[in-house]
Amino acid sequence: MSAFTRVQNVFASADELCINRDSRLVIISDCHRGTGTAADNFAINKNIYYAALKYYLRECFTYIELGDGDELWENKRFPMIMKEHHNIFELLSQFHKHGRLHMIYGNHDMDKKDPAWVARYLEGSPVAGYNSSETPDIPLFTGIKIHEGLVLKHQPSGQEILLIHGHQADFFNFRMWRLARFLVRYIWRPLELIGVLNPFDTPHRTGRRNMVERRLIKWCQQQNITLIAGHTHHTSFPKDGEPPYYNNGSCVSRQQITCIEIQDDCISLVKWSLQPRRDGVLYVRRDVVSRGKL
């Protein structure tokens, strides 16, 4: 099965989410939340991400996580991730309680495609309900559904926007993800700690990254449908006349995270980063990098 067919199959089977001019959405991917060790790539930007989530919750945005939210290749025990980042999960739970949370799985958290896994770790168990409040046994994500893809359906124009993680265009990380997980968990993770790069790591391999992006762009061109993806950790925002392929980057770049916002019938690439004030105090700043009409 070709990459084109794999992406097309997700598009054909994806649930629809209707949006309009009043809708406010933020799309974030590749957080790779870990267990707080030296191998937790998310840890360096945890406070930036937390500040961004607080802003989006306060401003009534719908949060869409576009895959690889949790690093389940390097870490077998998801409860340890939830415990380490309990304040993050509490915020995500608030989005869910207000009906403003949608999650898509990626290759690094492919376990979430299994309803039994979701029921055990995200819905009903006391561990899944862990938080720092006085009610630790309340589940955080009751009734949540994890998607492979979502289609945003704009009203009244009828425009469709496909949201996927993007690993569907990467054969090794799609069909052979269990082998890839084994190699990362038991071979490449220890080697990366001493500076050896994983040859199958798409974000750090320009050739693989470009290959994935070419395949996703080809799907956009042939289907004439807007596509928003993650996976490559490489931001993309099309110029006028280019295929409507967007990539929201990741949350593991050094001291910054990037995301896609949709509001007022516009789409924006946004960067959150640590910046110094004149008095030397660091603060989290939101910058719009690119902006265009849907």
# chains A, B, ... in the order shown; residues from 1 in each chain; ligands from 1

$ select_by_dssp --residues "segment 150-274 of chain A" --states "strand (DSSP E or B)" --output "ChimeraX atom specification"
/A:150-154,160-164,226-229,236,245-247,253,256-263,266-274

$ write_last_selection --atoms "N, CA and C atoms" --output "CSV table (one decimal), in the first residue's frame"
chain,number,residue,atom,x,y,z
A,150,LEU,N,-8.6,13.5,11.8
A,150,LEU,CA,-9.8,14.3,11.9
A,150,LEU,C,-9.9,15.2,10.6
A,151,VAL,N,-11.2,15.4,10.2
A,151,VAL,CA,-11.4,16.3,9.1
A,151,VAL,C,-12.2,17.5,9.7
A,152,LEU,N,-11.6,18.7,9.6
A,152,LEU,CA,-12.3,19.9,9.9
A,152,LEU,C,-13.2,20.3,8.8
A,153,LYS,N,-14.5,20.5,9.0
A,153,LYS,CA,-15.4,20.9,8.0
A,153,LYS,C,-15.9,22.3,8.2
A,154,HIS,N,-15.5,23.2,7.4
A,154,HIS,CA,-15.8,24.6,7.6
A,154,HIS,C,-17.2,24.9,7.1
A,160,GLU,N,-12.7,21.4,3.5
A,160,GLU,CA,-12.3,20.3,4.3
A,160,GLU,C,-10.8,20.4,4.6
A,161,ILE,N,-10.4,20.2,5.9
A,161,ILE,CA,-9.0,20.2,6.3
A,161,ILE,C,-8.7,18.9,7.0
A,162,LEU,N,-7.7,18.1,6.5
A,162,LEU,CA,-7.4,16.9,7.1
A,162,LEU,C,-6.3,17.1,8.1
A,163,LEU,N,-6.5,16.5,9.3
A,163,LEU,CA,-5.5,16.5,10.3
A,163,LEU,C,-5.0,15.1,10.6
A,164,ILE,N,-3.7,14.9,10.4
A,164,ILE,CA,-3.1,13.6,10.7
A,164,ILE,C,-1.7,13.9,11.3
A,226,THR,N,-6.6,20.8,2.0
A,226,THR,CA,-5.6,21.3,3.0
A,226,THR,C,-5.3,20.2,3.9
A,227,LEU,N,-4.0,20.1,4.2
A,227,LEU,CA,-3.5,19.0,5.1
A,227,LEU,C,-2.6,19.7,6.2
A,228,ILE,N,-2.9,19.3,7.5
A,228,ILE,CA,-2.1,19.8,8.6
A,228,ILE,C,-1.5,18.5,9.3
A,229,ALA,N,-0.2,18.5,9.4
A,229,ALA,CA,0.5,17.3,9.9
A,229,ALA,C,1.6,17.7,10.9
A,236,SER,N,6.0,24.1,8.5
A,236,SER,CA,5.8,24.4,7.1
A,236,SER,C,4.5,25.3,7.0
A,245,TYR,N,-0.2,22.6,2.3
A,245,TYR,CA,0.4,21.7,3.3
A,245,TYR,C,1.0,22.5,4.5
A,246,TYR,N,0.5,22.2,5.7
A,246,TYR,CA,1.0,22.9,6.9
A,246,TYR,C,1.6,21.9,7.8
A,247,ASN,N,2.7,22.3,8.5
A,247,ASN,CA,3.2,21.4,9.6
A,247,ASN,C,3.5,22.3,10.8
A,253,SER,N,11.8,21.6,20.3
A,253,SER,CA,12.9,22.4,19.9
A,253,SER,C,13.5,23.1,21.1
A,256,GLN,N,11.7,26.6,22.8
A,256,GLN,CA,10.5,27.1,22.1
A,256,GLN,C,9.6,26.0,21.6
A,257,ILE,N,8.3,26.3,21.5
A,257,ILE,CA,7.4,25.3,20.9
A,257,ILE,C,6.6,26.1,19.8
A,258,THR,N,6.2,25.3,18.8
A,258,THR,CA,5.4,25.9,17.7
A,258,THR,C,4.1,25.2,17.5
A,259,CYS,N,3.1,25.9,17.0
A,259,CYS,CA,1.8,25.3,16.8
A,259,CYS,C,1.0,26.0,15.7
A,260,ILE,N,-0.1,25.5,15.4
A,260,ILE,CA,-1.0,26.1,14.4
A,260,ILE,C,-2.3,26.6,15.1
A,261,GLU,N,-2.7,27.8,14.9
A,261,GLU,CA,-3.9,28.4,15.4
A,261,GLU,C,-4.9,28.6,14.2
A,262,ILE,N,-6.2,28.4,14.5
A,262,ILE,CA,-7.2,28.7,13.5
A,262,ILE,C,-8.3,29.5,14.2
A,263,GLN,N,-8.5,30.7,13.7
A,263,GLN,CA,-9.6,31.5,14.3
A,263,GLN,C,-9.9,32.7,13.3
A,266,CYS,N,-8.9,32.4,9.7
A,266,CYS,CA,-7.5,32.6,9.4
A,266,CYS,C,-6.7,31.4,10.0
A,267,ILE,N,-5.6,31.1,9.4
A,267,ILE,CA,-4.7,30.1,10.0
A,267,ILE,C,-3.3,30.7,10.2
A,268,SER,N,-2.7,30.4,11.4
A,268,SER,CA,-1.5,31.1,11.8
A,268,SER,C,-0.5,30.0,12.3
A,269,LEU,N,0.8,30.3,12.0
A,269,LEU,CA,1.9,29.5,12.6
A,269,LEU,C,2.4,30.4,13.8
A,270,VAL,N,2.4,29.8,15.0
A,270,VAL,CA,2.7,30.6,16.2
A,270,VAL,C,3.8,29.9,16.9
A,271,LYS,N,4.7,30.8,17.4
A,271,LYS,CA,5.8,30.3,18.2
A,271,LYS,C,5.7,30.8,19.7
A,272,TRP,N,5.9,30.0,20.6
A,272,TRP,CA,6.0,30.3,22.0
A,272,TRP,C,7.4,30.1,22.5
A,273,SER,N,8.0,31.1,23.2
A,273,SER,CA,9.4,31.0,23.5
A,273,SER,C,9.7,31.8,24.8
A,274,LEU,N,10.8,31.5,25.4
A,274,LEU,CA,11.3,32.3,26.6
A,274,LEU,C,12.1,33.5,26.1

$ residues_around --residues "Ile104 of chain A" --least-positions-apart "5" --cutoff "8 Å" --atoms "only C-alpha atoms" --output "PDB file with C-alpha atoms, in the first residue's frame"
ATOM      1  CA  ILE A  64      -6.126  19.277  19.145  1.00  0.00           C
ATOM      2  CA  GLU A  65      -3.101  17.077  19.842  1.00  0.00           C
ATOM      3  CA  LEU A  66      -1.733  15.851  16.534  1.00  0.00           C
ATOM      4  CA  GLY A  67       0.127  12.753  17.660  1.00  0.00           C
ATOM      5  CA  ILE A 146      -8.344   8.795  20.175  1.00  0.00           C
ATOM      6  CA  HIS A 147      -8.361   9.298  16.407  1.00  0.00           C
ATOM      7  CA  GLU A 148      -6.036   8.419  13.554  1.00  0.00           C
ATOM      8  CA  GLY A 149      -7.206  11.541  11.774  1.00  0.00           C
ATOM      9  CA  LEU A 150      -9.807  14.288  11.889  1.00  0.00           C
ATOM     10  CA  ILE A 164      -3.073  13.609  10.682  1.00  0.00           C
ATOM     11  CA  HIS A 165       0.181  12.970  12.480  1.00  0.00           C
TER      12      HIS A 165
END

$ atom_distance --atom1 "atom CA of Ser23 of chain A" --atom2 "atom CA of Ser250 of chain A"
22.9 Å

$ closest_residue --among "A:Glu74, A:Asp30, A:Asp109, A:Asp22" --to "Tyr186 of chain A" --atoms "only C-alpha atoms"
A:Glu74

$ residues_around --residues "segment 87-91 of chain A" --least-positions-apart "2" --cutoff "9 Å" --atoms "only C-alpha atoms" --output "list in words"
Lys46, Tyr49, Tyr50, Leu53, Lys54, Leu57, Met82, Lys83, Glu84, His85, Ser93, Gln94, Phe95, His96, Tyr130, Asn131, Ser132 and Leu140 of chain A

$ write_last_selection --atoms "C-alpha atoms" --output "mmCIF file, in the first residue's frame"
data_model
loop_
_atom_site.group_PDB
_atom_site.id
_atom_site.type_symbol
_atom_site.label_atom_id
_atom_site.label_comp_id
_atom_site.auth_asym_id
_atom_site.auth_seq_id
_atom_site.Cartn_x
_atom_site.Cartn_y
_atom_site.Cartn_z
ATOM 1 C CA LYS A 46 7.520 22.028 29.911
ATOM 2 C CA TYR A 49 4.005 24.474 27.013
ATOM 3 C CA TYR A 50 2.175 24.893 30.329
ATOM 4 C CA LEU A 53 -2.010 25.709 27.485
ATOM 5 C CA LYS A 54 -3.140 28.100 30.201
ATOM 6 C CA LEU A 57 -7.760 27.308 28.016
ATOM 7 C CA MET A 82 1.328 11.106 33.827
ATOM 8 C CA LYS A 83 2.756 11.390 37.326
ATOM 9 C CA GLU A 84 5.751 13.427 36.180
ATOM 10 C CA HIS A 85 3.611 15.857 34.189
ATOM 11 C CA SER A 93 -8.507 17.328 31.492
ATOM 12 C CA GLN A 94 -10.045 20.797 31.762
ATOM 13 C CA PHE A 95 -10.177 21.045 27.966
ATOM 14 C CA HIS A 96 -11.849 17.627 27.885
ATOM 15 C CA TYR A 130 -3.717 10.946 39.228
ATOM 16 C CA ASN A 131 -3.448 14.655 39.956
ATOM 17 C CA SER A 132 -2.118 16.926 42.655
ATOM 18 C CA LEU A 140 -9.156 12.735 33.712
#
